[in-house]
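Undergrad: Structure supplied as input-v5.cif; contents: mmCIF, C-alpha atoms.
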```cif
data_coords
loop_
_atom_site.group_PDB
_atom_site.id
_atom_site.type_symbol
_atom_site.label_atom_id
_atom_site.label_comp_id
_atom_site.auth_asym_id
_atom_site.auth_seq_id
_atom_site.Cartn_x
_atom_site.Cartn_y
_atom_site.Cartn_z
ATOM 1 C CA MET A 233 116.731 35.605 -10.800
ATOM 2 C CA PRO A 234 113.867 36.586 -8.427
ATOM 3 C CA PRO A 235 114.785 38.368 -5.214
ATOM 4 C CA PRO A 236 115.543 36.098 -2.263
ATOM 5 C CA SER A 237 112.636 35.398 0.052
ATOM 6 C CA PRO A 238 112.685 34.202 3.659
ATOM 7 C CA GLN A 239 112.999 30.451 4.005
ATOM 8 C CA CYS A 240 112.414 28.436 7.151
ATOM 9 C CA ALA A 241 110.991 31.537 8.791
ATOM 10 C CA LEU A 242 114.318 33.332 8.996
ATOM 11 C CA ALA A 243 112.983 36.658 7.777
ATOM 12 C CA ASP A 244 114.610 38.842 10.410
ATOM 13 C CA ALA A 245 118.230 38.328 9.418
ATOM 14 C CA ASP A 246 120.787 40.299 11.395
ATOM 15 C CA VAL A 247 123.329 40.005 8.550
ATOM 16 C CA THR A 248 122.764 40.270 4.830
ATOM 17 C CA ARG A 249 125.693 38.542 3.129
ATOM 18 C CA SER A 250 126.430 34.852 2.695
ATOM 19 C CA GLU A 251 130.123 35.422 3.312
ATOM 20 C CA ASP A 252 129.317 36.774 6.785
ATOM 21 C CA MET A 253 127.800 33.378 7.531
ATOM 22 C CA GLY A 254 130.737 31.390 6.218
ATOM 23 C CA LEU A 255 129.787 30.812 2.577
ATOM 24 C CA SER A 256 130.440 33.184 -0.301
ATOM 25 C CA PRO A 257 128.423 33.136 -3.534
ATOM 26 C CA GLY A 258 129.917 30.575 -5.862
ATOM 27 C CA THR A 259 131.065 28.250 -3.056
ATOM 28 C CA ARG A 260 130.280 24.601 -3.747
ATOM 29 C CA VAL A 261 128.607 22.549 -1.047
ATOM 30 C CA GLY A 262 128.514 19.077 -2.485
ATOM 31 C CA ARG A 263 127.018 19.576 -5.927
ATOM 32 C CA PHE A 264 125.166 22.737 -4.828
ATOM 33 C CA SER A 265 126.428 26.218 -5.739
ATOM 34 C CA ILE A 266 125.745 28.991 -3.197
ATOM 35 C CA GLU A 267 123.979 32.030 -4.677
ATOM 36 C CA GLY A 268 123.142 34.157 -1.646
ATOM 37 C CA LEU A 269 121.751 34.390 1.855
ATOM 38 C CA LEU A 270 118.048 33.846 2.492
ATOM 39 C CA GLY A 271 117.982 34.365 6.231
ATOM 40 C CA VAL A 272 119.568 33.960 9.644
ATOM 41 C CA GLY A 273 117.900 32.772 12.809
ATOM 42 C CA ALA A 274 119.015 32.257 16.377
ATOM 43 C CA MET A 275 120.708 28.940 15.582
ATOM 44 C CA GLY A 276 120.393 28.378 11.830
ATOM 45 C CA VAL A 277 121.364 29.918 8.505
ATOM 46 C CA VAL A 278 119.617 29.356 5.178
ATOM 47 C CA HIS A 279 121.333 29.982 1.842
ATOM 48 C CA ARG A 280 119.881 29.996 -1.640
ATOM 49 C CA ALA A 281 121.715 27.485 -3.825
ATOM 50 C CA HIS A 282 121.531 25.994 -7.299
ATOM 51 C CA ASP A 283 121.492 22.287 -8.066
ATOM 52 C CA PRO A 284 123.147 21.973 -11.501
ATOM 53 C CA GLU A 285 122.296 18.281 -11.941
ATOM 54 C CA LEU A 286 118.549 18.835 -11.661
ATOM 55 C CA ASP A 287 118.677 22.509 -12.687
ATOM 56 C CA ARG A 288 116.662 23.787 -9.746
ATOM 57 C CA HIS A 289 117.105 26.125 -6.817
ATOM 58 C CA VAL A 290 117.084 24.836 -3.256
ATOM 59 C CA ALA A 291 117.292 26.188 0.257
ATOM 60 C CA LEU A 292 120.449 25.013 2.033
ATOM 61 C CA LYS A 293 120.212 25.129 5.816
ATOM 62 C CA CYS A 294 123.125 24.837 8.238
ATOM 63 C CA VAL A 295 124.052 25.692 11.801
ATOM 64 C CA ARG A 296 125.298 29.229 12.379
ATOM 65 C CA PRO A 297 129.104 29.329 12.269
ATOM 66 C CA ASP A 298 129.118 31.347 15.492
ATOM 67 C CA GLU A 299 126.897 28.862 17.330
ATOM 68 C CA PRO A 300 128.793 28.100 20.583
ATOM 69 C CA ASP A 301 127.497 24.541 20.866
ATOM 70 C CA ALA A 302 128.264 23.412 17.320
ATOM 71 C CA GLY A 303 128.147 19.691 18.095
ATOM 72 C CA SER A 304 124.620 19.850 19.473
ATOM 73 C CA GLY A 305 123.630 22.103 16.602
ATOM 74 C CA GLN A 306 124.786 19.532 14.069
ATOM 75 C CA GLU A 307 122.813 16.831 15.839
ATOM 76 C CA ARG A 308 119.687 19.037 15.888
ATOM 77 C CA LEU A 309 120.104 19.577 12.154
ATOM 78 C CA ARG A 310 120.383 15.843 11.552
ATOM 79 C CA ARG A 311 117.240 15.220 13.613
ATOM 80 C CA GLU A 312 115.400 17.920 11.686
ATOM 81 C CA ALA A 313 116.346 16.371 8.336
ATOM 82 C CA ARG A 314 115.258 12.924 9.487
ATOM 83 C CA ALA A 315 111.962 14.231 10.837
ATOM 84 C CA MET A 316 111.103 16.146 7.660
ATOM 85 C CA ALA A 317 112.186 13.246 5.456
ATOM 86 C CA GLN A 318 109.454 11.102 7.032
ATOM 87 C CA LEU A 319 106.796 13.457 5.715
ATOM 88 C CA SER A 320 105.397 13.723 2.224
ATOM 89 C CA ASP A 321 102.650 16.301 2.384
ATOM 90 C CA PRO A 322 101.965 19.466 0.356
ATOM 91 C CA ASN A 323 101.720 21.445 3.578
ATOM 92 C CA VAL A 324 105.188 20.489 4.814
ATOM 93 C CA VAL A 325 108.429 21.755 3.271
ATOM 94 C CA ARG A 326 110.110 18.886 1.420
ATOM 95 C CA VAL A 327 113.637 17.722 2.248
ATOM 96 C CA HIS A 328 115.836 16.583 -0.632
ATOM 97 C CA GLU A 329 118.945 15.341 1.136
ATOM 98 C CA LEU A 330 121.493 15.821 3.920
ATOM 99 C CA VAL A 331 124.891 17.019 2.687
ATOM 100 C CA ALA A 332 128.246 16.839 4.499
ATOM 101 C CA HIS A 333 130.791 19.510 3.545
ATOM 102 C CA ASP A 334 134.011 20.615 5.232
ATOM 103 C CA GLY A 335 133.013 19.085 8.566
ATOM 104 C CA HIS A 336 129.505 20.573 8.576
ATOM 105 C CA LEU A 337 126.038 19.277 7.748
ATOM 106 C CA TYR A 338 123.570 20.999 5.418
ATOM 107 C CA ILE A 339 119.921 20.225 4.728
ATOM 108 C CA ALA A 340 118.981 20.684 1.079
ATOM 109 C CA MET A 341 115.253 21.372 0.912
ATOM 110 C CA GLU A 342 112.732 22.849 -1.454
ATOM 111 C CA LEU A 343 112.940 26.589 -1.957
ATOM 112 C CA VAL A 344 109.558 28.170 -1.226
ATOM 113 C CA ASP A 345 108.959 31.340 -3.210
ATOM 114 C CA GLY A 346 107.167 33.357 -0.564
ATOM 115 C CA VAL A 347 107.338 34.681 2.974
ATOM 116 C CA SER A 348 106.735 33.449 6.490
ATOM 117 C CA LEU A 349 103.142 33.446 7.682
ATOM 118 C CA ALA A 350 104.156 36.043 10.276
ATOM 119 C CA THR A 351 105.365 38.375 7.523
ATOM 120 C CA TRP A 352 102.248 37.728 5.421
ATOM 121 C CA LEU A 353 99.977 38.582 8.340
ATOM 122 C CA ALA A 354 101.895 41.796 9.032
ATOM 123 C CA GLU A 355 101.892 43.024 5.434
ATOM 124 C CA LYS A 356 98.294 44.268 5.525
ATOM 125 C CA PRO A 357 94.959 43.521 7.229
ATOM 126 C CA ARG A 358 93.600 40.105 6.303
ATOM 127 C CA SER A 359 89.996 38.950 6.453
ATOM 128 C CA TRP A 360 89.161 36.185 8.883
ATOM 129 C CA ARG A 361 88.496 33.895 5.915
ATOM 130 C CA GLU A 362 91.981 34.519 4.482
ATOM 131 C CA VAL A 363 93.592 33.918 7.857
ATOM 132 C CA LEU A 364 91.586 30.785 8.533
ATOM 133 C CA GLU A 365 92.350 29.308 5.113
ATOM 134 C CA ALA A 366 96.082 29.822 5.636
ATOM 135 C CA PHE A 367 95.975 28.212 9.069
ATOM 136 C CA LEU A 368 93.858 25.298 7.861
ATOM 137 C CA GLN A 369 96.634 24.460 5.410
ATOM 138 C CA ALA A 370 99.260 24.774 8.136
ATOM 139 C CA GLY A 371 97.109 22.613 10.377
ATOM 140 C CA ARG A 372 97.020 19.896 7.741
ATOM 141 C CA GLY A 373 100.810 19.953 7.732
ATOM 142 C CA LEU A 374 100.835 19.484 11.501
ATOM 143 C CA ALA A 375 98.264 16.703 11.217
ATOM 144 C CA ALA A 376 100.519 14.916 8.706
ATOM 145 C CA ALA A 377 103.401 15.127 11.166
ATOM 146 C CA HIS A 378 101.219 13.735 13.940
ATOM 147 C CA GLU A 379 100.103 10.847 11.733
ATOM 148 C CA ALA A 380 103.788 10.051 11.229
ATOM 149 C CA GLY A 381 104.254 9.989 15.016
ATOM 150 C CA LEU A 382 106.040 13.351 15.218
ATOM 151 C CA VAL A 383 105.400 16.423 17.349
ATOM 152 C CA HIS A 384 106.655 19.739 15.978
ATOM 153 C CA ARG A 385 107.090 21.413 19.420
ATOM 154 C CA ASP A 386 107.699 24.894 17.997
ATOM 155 C CA PHE A 387 104.685 25.782 15.874
ATOM 156 C CA LYS A 388 104.327 29.533 15.336
ATOM 157 C CA PRO A 389 103.713 31.839 12.337
ATOM 158 C CA GLU A 390 107.467 32.343 11.925
ATOM 159 C CA ASN A 391 107.828 28.604 11.260
ATOM 160 C CA VAL A 392 105.218 28.521 8.517
ATOM 161 C CA LEU A 393 105.776 29.613 4.913
ATOM 162 C CA ARG A 394 103.220 30.952 2.427
ATOM 163 C CA SER A 395 104.145 30.842 -1.238
ATOM 164 C CA ALA A 396 103.266 33.555 -3.751
ATOM 165 C CA ARG A 397 100.538 31.232 -5.071
ATOM 166 C CA GLY A 398 98.978 30.737 -1.650
ATOM 167 C CA ARG A 399 100.383 27.365 -0.686
ATOM 168 C CA VAL A 400 101.095 27.189 3.048
ATOM 169 C CA CYS A 401 103.588 24.737 4.530
ATOM 170 C CA VAL A 402 105.103 24.046 7.923
ATOM 171 C CA THR A 403 108.874 24.091 8.292
ATOM 172 C CA ASP A 404 111.637 24.159 10.910
ATOM 173 C CA PHE A 405 111.343 20.747 12.545
ATOM 174 C CA GLY A 406 114.538 21.297 14.527
ATOM 175 C CA LEU A 407 112.788 20.573 17.817
ATOM 176 C CA ALA A 408 110.552 17.775 16.525
ATOM 177 C CA CYS A 409 110.426 14.576 18.538
ATOM 178 C CA PRO A 410 108.422 11.359 18.631
ATOM 179 C CA SER A 411 104.992 11.792 20.179
ATOM 180 C CA GLY A 412 105.008 11.198 23.922
ATOM 181 C CA ARG A 413 108.650 12.014 24.434
ATOM 182 C CA ALA A 414 109.507 14.269 27.362
ATOM 183 C CA ALA A 415 109.909 17.937 26.483
ATOM 184 C CA SER A 416 113.507 18.075 27.643
ATOM 185 C CA VAL A 417 116.377 17.487 25.242
ATOM 186 C CA HIS A 418 118.731 14.981 26.797
ATOM 187 C CA GLY A 419 122.434 15.605 26.455
ATOM 188 C CA GLU A 420 122.329 19.156 25.105
ATOM 189 C CA THR A 421 121.602 22.651 26.296
ATOM 190 C CA ALA A 422 118.112 23.437 25.015
ATOM 191 C CA ARG A 423 117.119 26.996 24.174
ATOM 192 C CA THR A 424 113.942 29.018 24.179
ATOM 193 C CA HIS A 425 113.399 32.262 22.317
ATOM 194 C CA ASP A 426 111.697 35.404 23.483
ATOM 195 C CA ARG A 427 109.328 36.395 20.683
ATOM 196 C CA GLU A 428 109.479 40.155 21.282
ATOM 197 C CA SER A 429 113.207 40.668 21.801
ATOM 198 C CA GLY A 430 114.431 37.738 19.726
ATOM 199 C CA GLU A 431 116.829 36.977 22.564
ATOM 200 C CA GLN A 432 117.998 33.417 22.895
ATOM 201 C CA LEU A 433 117.307 32.185 26.402
ATOM 202 C CA ALA A 434 119.052 29.294 28.088
ATOM 203 C CA THR A 435 116.901 27.292 30.456
ATOM 204 C CA SER A 436 118.108 25.074 33.251
ATOM 205 C CA ARG A 437 114.964 22.971 32.896
ATOM 206 C CA GLU A 438 115.983 22.131 29.325
ATOM 207 C CA ILE A 439 112.589 23.015 27.899
ATOM 208 C CA ALA A 440 112.703 23.674 24.175
ATOM 209 C CA GLY A 441 110.351 25.922 22.253
ATOM 210 C CA THR A 442 108.949 29.439 22.132
ATOM 211 C CA PRO A 443 107.328 30.394 25.467
ATOM 212 C CA ALA A 444 104.631 32.604 23.911
ATOM 213 C CA TYR A 445 103.182 29.597 22.063
ATOM 214 C CA MET A 446 104.141 26.755 24.374
ATOM 215 C CA ALA A 447 101.487 24.480 25.853
ATOM 216 C CA PRO A 448 101.402 24.843 29.653
ATOM 217 C CA GLU A 449 102.075 21.176 30.356
ATOM 218 C CA LEU A 450 105.422 21.372 28.564
ATOM 219 C CA THR A 451 106.658 23.990 31.023
ATOM 220 C CA TYR A 452 106.222 21.348 33.735
ATOM 221 C CA GLY A 453 108.197 18.728 31.841
ATOM 222 C CA ALA A 454 105.241 16.678 30.609
ATOM 223 C CA PRO A 455 105.689 14.641 27.409
ATOM 224 C CA ALA A 456 105.019 16.470 24.151
ATOM 225 C CA ASP A 457 102.217 15.122 22.003
ATOM 226 C CA ALA A 458 99.787 16.239 19.309
ATOM 227 C CA ARG A 459 97.700 18.128 21.862
ATOM 228 C CA SER A 460 100.622 20.376 22.778
ATOM 229 C CA ASP A 461 101.054 21.264 19.092
ATOM 230 C CA GLN A 462 97.306 21.855 18.963
ATOM 231 C CA PHE A 463 97.574 24.392 21.783
ATOM 232 C CA SER A 464 100.382 26.272 20.007
ATOM 233 C CA PHE A 465 98.370 26.280 16.785
ATOM 234 C CA CYS A 466 95.332 27.747 18.562
ATOM 235 C CA VAL A 467 97.420 30.469 20.232
ATOM 236 C CA ALA A 468 98.806 31.484 16.831
ATOM 237 C CA LEU A 469 95.427 31.425 15.089
ATOM 238 C CA TYR A 470 93.708 33.331 17.914
ATOM 239 C CA GLU A 471 96.406 35.987 17.752
ATOM 240 C CA ALA A 472 96.093 36.237 13.948
ATOM 241 C CA LEU A 473 92.299 36.554 14.054
ATOM 242 C CA PHE A 474 91.848 38.863 17.027
ATOM 243 C CA GLY A 475 95.121 40.768 17.238
ATOM 244 C CA GLU A 476 95.965 39.772 20.781
ATOM 245 C CA ASP A 477 97.719 36.953 22.549
ATOM 246 C CA PRO A 478 95.145 34.867 24.444
ATOM 247 C CA LEU A 479 97.744 34.069 27.100
ATOM 248 C CA ARG A 480 99.554 37.352 27.735
ATOM 249 C CA SER A 481 96.377 39.413 27.525
ATOM 250 C CA ARG A 482 94.707 36.875 29.812
ATOM 251 C CA VAL A 483 91.807 36.404 27.452
ATOM 252 C CA SER A 484 89.800 33.680 29.123
ATOM 253 C CA MET A 485 86.948 33.092 26.686
ATOM 254 C CA PRO A 486 86.088 33.583 23.007
ATOM 255 C CA PRO A 487 85.667 37.300 22.213
ATOM 256 C CA ASP A 488 82.252 38.851 22.526
ATOM 257 C CA PRO A 489 80.430 38.461 19.182
ATOM 258 C CA ARG A 490 80.254 42.236 18.865
ATOM 259 C CA GLN A 491 84.056 42.444 19.019
ATOM 260 C CA ALA A 492 84.898 39.355 16.994
ATOM 261 C CA GLY A 493 85.316 41.080 13.630
ATOM 262 C CA GLY A 494 82.936 38.704 11.906
ATOM 263 C CA VAL A 495 84.720 35.562 13.056
ATOM 264 C CA PRO A 496 81.928 32.963 13.277
ATOM 265 C CA PRO A 497 80.967 31.383 16.572
ATOM 266 C CA TRP A 498 82.067 27.853 15.684
ATOM 267 C CA VAL A 499 85.585 29.114 15.038
ATOM 268 C CA ARG A 500 85.661 30.839 18.420
ATOM 269 C CA ARG A 501 84.344 27.711 20.145
ATOM 270 C CA ALA A 502 86.909 25.496 18.438
ATOM 271 C CA LEU A 503 89.707 27.820 19.555
ATOM 272 C CA ALA A 504 88.355 27.973 23.097
ATOM 273 C CA ARG A 505 88.540 24.206 23.378
ATOM 274 C CA GLY A 506 91.996 24.025 21.808
ATOM 275 C CA LEU A 507 93.241 26.549 24.377
ATOM 276 C CA ARG A 508 92.135 24.551 27.398
ATOM 277 C CA MET A 509 94.868 24.272 30.004
ATOM 278 C CA ALA A 510 94.313 20.535 30.490
ATOM 279 C CA PRO A 511 95.447 18.532 27.409
ATOM 280 C CA GLU A 512 92.677 15.950 27.801
ATOM 281 C CA GLU A 513 90.050 18.698 27.447
ATOM 282 C CA ARG A 514 91.288 19.796 24.025
ATOM 283 C CA HIS A 515 90.229 18.328 20.682
ATOM 284 C CA GLU A 516 90.978 14.656 20.139
ATOM 285 C CA SER A 517 93.393 15.480 17.320
ATOM 286 C CA MET A 518 94.485 18.193 14.893
ATOM 287 C CA THR A 519 92.185 16.600 12.334
ATOM 288 C CA ALA A 520 89.202 16.967 14.686
ATOM 289 C CA LEU A 521 90.131 20.605 15.335
ATOM 290 C CA LEU A 522 90.443 21.324 11.611
ATOM 291 C CA GLU A 523 87.030 19.789 10.977
ATOM 292 C CA GLU A 524 85.507 22.147 13.533
ATOM 293 C CA LEU A 525 87.327 25.178 12.181
ATOM 294 C CA GLY A 526 86.462 24.363 8.578
ATOM 295 C CA ARG A 527 82.691 24.339 8.940
ATOM 296 C CA GLU A 528 80.957 26.424 6.294
ATOM 297 C CA GLU A 529 78.099 27.169 8.626
ATOM 298 C CA ASP A 530 77.238 26.659 12.261
ATOM 299 C CA PRO A 531 74.765 23.766 12.524
ATOM 300 C CA ARG A 532 73.799 24.834 16.025
ATOM 301 C CA GLY A 533 72.664 28.250 14.853
ATOM 302 C CA THR A 534 72.374 31.590 16.596
ATOM 303 C CA GLN A 535 70.723 30.169 19.667
ATOM 304 C CA ARG A 536 74.011 28.493 20.575
ATOM 305 C CA GLU A 537 75.756 31.816 19.934
ATOM 306 C CA ALA A 538 73.575 33.543 22.507
ATOM 307 C CA ARG A 539 74.632 31.051 25.172
ATOM 308 C CA PHE A 540 78.206 32.313 24.934
ATOM 309 C CA THR A 541 77.159 35.701 26.233
ATOM 310 C CA ASP A 542 75.198 34.310 29.129
ATOM 311 C CA ALA A 543 76.913 35.120 32.430
ATOM 312 C CA ASN A 544 76.315 31.696 33.923
ATOM 313 C CA VAL A 545 77.893 29.956 30.951
ATOM 314 C CA VAL A 546 80.865 32.328 31.082
ATOM 315 C CA ARG A 547 81.451 31.506 34.732
ATOM 316 C CA ALA A 548 81.186 27.783 33.980
ATOM 317 C CA TRP A 549 83.650 28.108 31.105
ATOM 318 C CA LEU A 550 86.140 29.980 33.278
ATOM 319 C CA LYS A 551 85.820 27.361 35.990
ATOM 320 C CA GLY A 552 86.649 24.701 33.422
ATOM 321 C CA ARG A 553 89.870 26.507 32.552
#
```
Any chance you could give the structure as structure tokens?

TA:
Amino acid sequence: MPPPSPQCALADADVTRSEDMGLSPGTRVGRFSIEGLLGVGAMGVVHRAHDPELDRHVALKCVRPDEPDAGSGQERLRREARAMAQLSDPNVVRVHELVAHDGHLYIAMELVDGVSLATWLAEKPRSWREVLEAFLQAGRGLAAAHEAGLVHRDFKPENVLRSARGRVCVTDFGLACPSGRAASVHGETARTHDRESGEQLATSREIAGTPAYMAPELTYGAPADARSDQFSFCVALYEALFGEDPLRSRVSMPPDPRQAGGVPPWVRRALARGLRMAPEERHESMTALLEELGREEDPRGTQREARFTDANVVRAWLKGR
């Protein structure tokens, strides 16, 4: 049996045994037989399990047994399963079924043989082409969710998986909601997560997500839509390409061409637009953004590139932010 790999972006487990998370190897959950622990996150646990009827391995996700608000956790899990079940796309992790066992719910989903995109990026330096290709696949997964009327609300490299064969898929739809719904979670205590410390943060404003990637309008309680996912996607891609957070480092324009590491100008322009503070100034859709990012060459040529270094254009761009 191959060694377990992180599933649902739970690579940084703080425990290493299934029994510590309530299920020992050999335990039956419905027809599934637990084999081991894949990972533990702030609110969820993912086990590796075997499906004897179809003779395949699956990832079995449940709420942490030490989660203080178990009822809300179960409801989040149900919402996640329903959201993922609406999607049939190669760039989204597939859900098989929702299983009830001993008073708890479990999502049985496909087992991706790989690592989170965050882990993949950290393993070694990647060329801008490698990074862009991975994110284009993830972006197609987001676009599929948007076409189904769903907003992910927590897109980040930790919530994207890359298989050993290079397939990239979006996962962890625990905070997904219909497009246009307010960012608060009615009737439950929502949580945010500090990316650096991993600390789970309660918020009286009931805003759900990861602050480092969150679109600014969501912090003010505006409805979540495809453009807020687009902003999170652009933060993650910018960080992967240039090694710095465009928000925390207060980067206010695409990097100077001499410091861009070969990243072409049309990619930098597409990111700049996706990172606009005002949602209406971003790309019309994820699909439109992906079309801009996926250009094989810049049809506007080097003359357009020169304009980005012009001081007057820089001032105009900053004013637009």

Undergrad: Extract, using all atoms listed in the file, all DNA, RNA and protein residues at most 12 Å from Leu309 (chain A), discarding same-chain residues fewer than 4 positions from it, and format them as a ChimeraX atom specification.

TA: /A:275-277,292-296,302-305,313-316,327,329-332,336-340,404-408

Undergrad: Please report the interatomic distance between CA of His378 (chain A) and CA of Ala458 (chain A) in Å with one decimal.

TA: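 So the two atoms, CA of His378 (chain A) and CA of Ala458 (chain A), lie 6.1 Å apart.
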
Undergrad: Just so the selection is clear, what residues does the PyMOL selection byres ((chain A and resi 379) around 10) cover here, as a count of residues only?

TA: 16

Undergrad: Could you tell me which of A:Leu269, A:Val324, A:Leu343, A:Glu307 comes closest to His289 (chain A) if we count all atoms listed in the file?

TA: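 For His289 (chain A), the nearest of the candidates is A:Leu343.
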
Undergrad: Using all atoms listed in the file, which of A:Arg527, A:Arg361, A:His384, A:Lys356 sits nearest Arg311 (chain A)?

TA: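 Of all the options, A:His384 lies closest to Arg311 (chain A).
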
Undergrad: Pick out the residues sitting within 7 Å of region 462-473 of chain A, and hand them over as a VMD selection string; count only C-alpha atoms, and ignore anything fewer than 6 positions along from it in its own chain.

TA: chain A and resid 360 363 367 387 to 389 445 to 447 503 506 to 507 518

Undergrad: Enter the distance from CA of Glu342 (chain A) to CA of Glu299 (chain A), in Å, rounded to one decimal.

TA: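 Atom-to-atom, CA of Glu342 (chain A) to CA of Glu299 (chain A), that is 24.3 Å.
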
Undergrad: Could you give me, as a PyMOL selection string, the residues within 9 Å of Leu525 (chain A), counting all atoms listed in the file and dropping anything in the same chain fewer than 5 positions from it?

TA: chain A and resi 364+368+498-503+520

Undergrad: One decimal, in Å: what's the spacing between CA of Ala281 (chain A) and CA of Ser265 (chain A)?

TA: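 Calculated distance between CA of Ala281 (chain A) and CA of Ser265 (chain A) is 5.2 Å.
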
Undergrad: Padding 6 Å on each side, edges along x, y and z: where is the centre of the box around the listed atoms of region 518-530 of chain A, and how long are its edges in Å to one decimal? Output it as JSON.

TA:
```
{"center_x": 85.9, "center_y": 21.9, "center_z": 10.8, "size_x": 29.2, "size_y": 22.6, "size_z": 21.0}
```

Undergrad: Compare A:Ser256, A:Gln306, A:Thr351, A:Gln369 by their minimum atom-to-atom distance to Pro322 (chain A), counting only C-alpha atoms, and give me the closest one.

TA: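 Distance minimum relative to Pro322 (chain A) lands on A:Gln369.
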